[in-house]
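Engineer: For reference, the file data.cif (mmCIF, C-alpha atoms, pLDDT in the B column; chains and numbers go by the auth columns) is included below:
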data_data
#
loop_
_atom_site.group_PDB
_atom_site.id
_atom_site.type_symbol
_atom_site.label_atom_id
_atom_site.label_comp_id
_atom_site.label_asym_id
_atom_site.label_seq_id
_atom_site.Cartn_x
_atom_site.Cartn_y
_atom_site.Cartn_z
_atom_site.B_iso_or_equiv
_atom_site.auth_seq_id
_atom_site.auth_asym_id
ATOM 1 C CA MET A 1 0.000 0.000 0.000 81.00 28 A
ATOM 2 C CA ARG A 2 2.877 2.336 0.728 84.00 29 A
ATOM 3 C CA LYS A 3 4.316 1.879 -2.756 83.00 30 A
ATOM 4 C CA LEU A 4 0.926 2.625 -4.278 84.00 31 A
ATOM 5 C CA ASN A 5 0.645 5.853 -2.271 86.00 32 A
ATOM 6 C CA LEU A 6 4.157 6.847 -3.303 87.00 33 A
ATOM 7 C CA LEU A 7 3.345 6.163 -6.957 88.00 34 A
ATOM 8 C CA PHE A 8 0.122 8.143 -6.723 87.00 35 A
ATOM 9 C CA PHE A 9 1.745 11.190 -5.174 86.00 36 A
ATOM 10 C CA ALA A 10 4.638 11.037 -7.637 88.00 37 A
ATOM 11 C CA LEU A 11 2.139 11.009 -10.507 86.00 38 A
ATOM 12 C CA VAL A 12 0.213 13.927 -9.010 84.00 39 A
ATOM 13 C CA GLY A 13 3.480 15.844 -8.555 82.00 40 A
ATOM 14 C CA VAL A 14 4.475 15.309 -12.179 79.00 41 A
ATOM 15 C CA LEU A 15 1.049 16.362 -13.421 76.00 42 A
ATOM 16 C CA MET A 16 1.011 19.456 -11.205 74.00 43 A
ATOM 17 C CA SER A 17 4.433 20.519 -12.406 75.00 44 A
ATOM 18 C CA ALA A 18 3.342 20.130 -16.027 68.00 45 A
ATOM 19 C CA MET A 19 0.329 22.425 -15.676 66.00 46 A
ATOM 20 C CA PRO A 20 2.230 25.728 -16.194 67.00 47 A
ATOM 21 C CA VAL A 21 3.523 24.372 -19.499 65.00 48 A
ATOM 22 C CA LEU A 22 -0.026 24.351 -20.808 66.00 49 A
ATOM 23 C CA ALA A 23 -0.631 27.980 -19.823 67.00 50 A
ATOM 24 C CA GLN A 24 -1.210 30.347 -22.690 63.00 51 A
ATOM 25 C CA THR A 25 -0.654 34.067 -22.810 64.00 52 A
ATOM 26 C CA PRO A 26 -3.562 36.235 -23.993 59.00 53 A
ATOM 27 C CA ALA A 27 -1.586 37.467 -27.015 60.00 54 A
ATOM 28 C CA THR A 28 -1.157 34.000 -28.489 57.00 55 A
ATOM 29 C CA ALA A 29 -4.784 33.123 -27.760 56.00 56 A
ATOM 30 C CA ALA A 30 -5.907 36.152 -29.795 57.00 57 A
ATOM 31 C CA ASP A 31 -3.594 35.209 -32.664 61.00 58 A
ATOM 32 C CA HIS A 32 -5.195 31.778 -33.037 60.00 59 A
ATOM 33 C CA ALA A 33 -8.790 32.864 -32.497 59.00 60 A
ATOM 34 C CA GLY A 34 -9.729 32.573 -36.185 61.00 61 A
ATOM 35 C CA ASP A 35 -8.273 29.142 -36.999 65.00 62 A
ATOM 36 C CA GLY A 36 -11.395 27.255 -35.860 66.00 63 A
ATOM 37 C CA GLY A 37 -9.467 24.714 -33.798 70.00 64 A
ATOM 38 C CA VAL A 38 -7.724 23.045 -36.729 75.00 65 A
ATOM 39 C CA GLY A 39 -4.999 21.721 -34.457 78.00 66 A
ATOM 40 C CA LEU A 40 -7.531 20.218 -32.076 82.00 67 A
ATOM 41 C CA LYS A 41 -9.337 18.573 -34.983 84.00 68 A
ATOM 42 C CA ALA A 42 -6.081 16.997 -36.124 84.00 69 A
ATOM 43 C CA ILE A 43 -5.327 15.684 -32.644 87.00 70 A
ATOM 44 C CA ALA A 44 -8.863 14.296 -32.290 87.00 71 A
ATOM 45 C CA ALA A 45 -8.620 12.629 -35.698 87.00 72 A
ATOM 46 C CA GLY A 46 -5.292 11.079 -34.773 88.00 73 A
ATOM 47 C CA VAL A 47 -6.629 9.736 -31.481 90.00 74 A
ATOM 48 C CA GLY A 48 -9.726 8.360 -33.204 88.00 75 A
ATOM 49 C CA PHE A 49 -7.644 6.637 -35.841 91.00 76 A
ATOM 50 C CA ALA A 50 -5.382 5.184 -33.150 91.00 77 A
ATOM 51 C CA ILE A 51 -8.428 3.696 -31.434 92.00 78 A
ATOM 52 C CA ALA A 52 -9.613 2.235 -34.751 91.00 79 A
ATOM 53 C CA VAL A 53 -6.189 0.723 -35.432 92.00 80 A
ATOM 54 C CA PHE A 54 -6.036 -0.741 -31.932 93.00 81 A
ATOM 55 C CA GLY A 55 -9.460 -2.321 -32.343 92.00 82 A
ATOM 56 C CA GLY A 56 -8.532 -3.710 -35.750 92.00 83 A
ATOM 57 C CA ALA A 57 -5.275 -5.170 -34.461 93.00 84 A
ATOM 58 C CA LEU A 58 -7.071 -6.748 -31.519 94.00 85 A
ATOM 59 C CA GLY A 59 -9.682 -8.286 -33.819 92.00 86 A
ATOM 60 C CA GLN A 60 -7.068 -9.585 -36.243 94.00 87 A
ATOM 61 C CA SER A 61 -5.055 -11.174 -33.463 94.00 88 A
ATOM 62 C CA ARG A 62 -8.141 -12.922 -32.110 95.00 89 A
ATOM 63 C CA ILE A 63 -9.043 -14.204 -35.577 94.00 90 A
ATOM 64 C CA GLY A 64 -5.521 -15.530 -36.057 94.00 91 A
ATOM 65 C CA ALA A 65 -5.526 -17.261 -32.684 95.00 92 A
ATOM 66 C CA ALA A 66 -8.925 -18.815 -33.276 94.00 93 A
ATOM 67 C CA ALA A 67 -7.903 -20.024 -36.739 94.00 94 A
ATOM 68 C CA CYS A 68 -4.735 -21.627 -35.401 94.00 95 A
ATOM 69 C CA GLU A 69 -6.701 -23.322 -32.637 95.00 96 A
ATOM 70 C CA GLY A 70 -9.363 -24.527 -35.066 94.00 97 A
ATOM 71 C CA ALA A 71 -6.798 -25.924 -37.494 93.00 98 A
ATOM 72 C CA ALA A 72 -5.003 -27.677 -34.649 94.00 99 A
ATOM 73 C CA ARG A 73 -8.226 -29.307 -33.459 94.00 100 A
ATOM 74 C CA ASN A 74 -9.409 -30.339 -36.916 92.00 101 A
ATOM 75 C CA PRO A 75 -6.641 -30.490 -39.539 91.00 102 A
ATOM 76 C CA GLY A 76 -9.086 -31.673 -42.190 93.00 103 A
ATOM 77 C CA ALA A 77 -10.958 -28.377 -42.067 93.00 104 A
ATOM 78 C CA ALA A 78 -7.821 -26.219 -42.167 92.00 105 A
ATOM 79 C CA ALA A 79 -8.462 -25.065 -45.752 92.00 106 A
ATOM 80 C CA LYS A 80 -11.988 -23.813 -44.959 94.00 107 A
ATOM 81 C CA ILE A 81 -10.776 -22.221 -41.735 93.00 108 A
ATOM 82 C CA GLN A 82 -7.979 -20.433 -43.601 93.00 109 A
ATOM 83 C CA THR A 83 -10.426 -19.117 -46.209 94.00 110 A
ATOM 84 C CA MET A 84 -12.752 -17.759 -43.532 94.00 111 A
ATOM 85 C CA MET A 85 -9.799 -16.275 -41.666 94.00 112 A
ATOM 86 C CA ILE A 86 -8.547 -14.416 -44.736 94.00 113 A
ATOM 87 C CA LEU A 87 -12.048 -13.095 -45.425 94.00 114 A
ATOM 88 C CA GLY A 88 -12.382 -11.859 -41.841 93.00 115 A
ATOM 89 C CA LEU A 89 -8.949 -10.243 -41.910 93.00 116 A
ATOM 90 C CA ALA A 90 -9.768 -8.448 -45.158 94.00 117 A
ATOM 91 C CA LEU A 91 -13.018 -7.089 -43.731 92.00 118 A
ATOM 92 C CA ILE A 92 -11.336 -5.860 -40.563 92.00 119 A
ATOM 93 C CA GLU A 93 -8.544 -4.226 -42.549 91.00 120 A
ATOM 94 C CA SER A 94 -11.110 -2.522 -44.783 92.00 121 A
ATOM 95 C CA LEU A 95 -12.722 -0.986 -41.694 90.00 122 A
ATOM 96 C CA VAL A 96 -9.351 0.390 -40.560 91.00 123 A
ATOM 97 C CA LEU A 97 -8.714 1.813 -44.044 91.00 124 A
ATOM 98 C CA PHE A 98 -12.191 3.370 -43.975 91.00 125 A
ATOM 99 C CA ALA A 99 -11.289 5.038 -40.665 89.00 126 A
ATOM 100 C CA LEU A 100 -8.124 6.402 -42.322 89.00 127 A
ATOM 101 C CA LEU A 101 -10.239 7.765 -45.171 90.00 128 A
ATOM 102 C CA VAL A 102 -12.534 9.508 -42.688 87.00 129 A
ATOM 103 C CA VAL A 103 -9.523 11.042 -40.912 85.00 130 A
ATOM 104 C CA PHE A 104 -8.178 12.499 -44.166 83.00 131 A
ATOM 105 C CA ALA A 105 -11.627 13.729 -45.224 85.00 132 A
ATOM 106 C CA LYS A 106 -12.250 15.556 -41.933 73.00 133 A
ATOM 107 C CA VAL A 107 -8.805 17.098 -41.449 67.00 134 A
#
Take the structure I supplied and represent it as C-alpha cells, if you would.

Structural biologist:
Amino acid sequence: MRKLNLLFFALVGVLMSAMPVLAQTPATAADHAGDGGVGLKAIAAGVGFAIAVFGGALGQSRIGAAACEGAARNPGAAAKIQTMMILGLALIESLVLFALLVVFAKV
C-alpha cells in the first residue's frame, strides 16, 4: 500500500508541475482565435484513428488465434478455416482503411 501511495503522489506531482507548461498568454490566444481549432481537430482525428487501429489489431489477433486453434483441433478443415480467416482479416482491414479515409476527409 505504501508503494501505491508513493506512486500516486509522484504522478500527481508530475502532473502538477506540467500544468504551467499548458498555460497560454492572452496574445497567443488572440492570434489563433480565427483558426477554428484546426490543431484540435487533427489531434482528435489522430486519437480516433489510433483507437480504430487498436481495435482492428485486436480483432485480427483474435481471428488468427482462433484459426490456429481450429486448425489444430481439426486439420481436415484447415483449408476452410484459412479461407474464412482471410475473409475476416480483409473485412477488418477494410474498416481500418475506412477510418483512415474519414480522418483524411475531416482534417

Engineer: Step by step: start from the point (-5.6, 5.4, -34.6) in the file's coordinates, keep every protein, DNA or RNA residue that has an atom no farther than 12 Å from it, count all atoms listed in the file, and write the set as a list in words.

Structural biologist: Ala69, Ile70, Ala71, Ala72, Gly73, Val74, Gly75, Phe76, Ala77, Ile78, Ala79, Val80, Phe81, Gly82, Gly83, Ala84, Leu122, Val123, Leu124, Phe125, Ala126, Leu127, Leu128, Val129 and Val130 of chain A

Engineer: Which is closest to Leu85 in chain A among A:Ala132, A:Ala37, A:Leu116, A:Ala104, if we use all atoms listed in the file?

Structural biologist: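 Going through A:Ala132, A:Ala37, A:Leu116, A:Ala104 one by one, the smallest distance to Leu85 in chain A is for A:Leu116.
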
Engineer: Any chance you could resolve the PyMOL selection byres ((chain A and resi 105-115) around 9) against this file and give the residues as a list in words?

Structural biologist: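 So the PyMOL selection byres ((chain A and resi 105-115) around 9), applied here, picks out Gln87, Ile90, Gly91, Ala93, Ala94, Cys95, Gly97, Ala98, Ala99, Asn101, Pro102, Gly103, Ala104, Leu116, Ala117, Leu118, Ile119 and Glu120 of chain A.
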
Engineer: Could you jot down the CA of Ser88 in chain A to CA of Arg100 in chain A separation for me, Å, one decimal place?

Structural biologist: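 About the pair CA of Ser88 in chain A and CA of Arg100 in chain A: they are 18.4 Å apart.
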
Engineer: CA of Gly66 in chain A and CA of Val39 in chain A, how far apart in Å?

Structural biologist: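 Value for the CA of Val39 in chain A-CA of Gly66 in chain A distance: 27.1 Å.
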
Engineer: To one decimal place in Å, what is the distance between CA of Ser44 in chain A and CA of Lys30 in chain A?

Structural biologist: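 Atom-to-atom, CA of Ser44 in chain A to CA of Lys30 in chain A, that is 21.0 Å.
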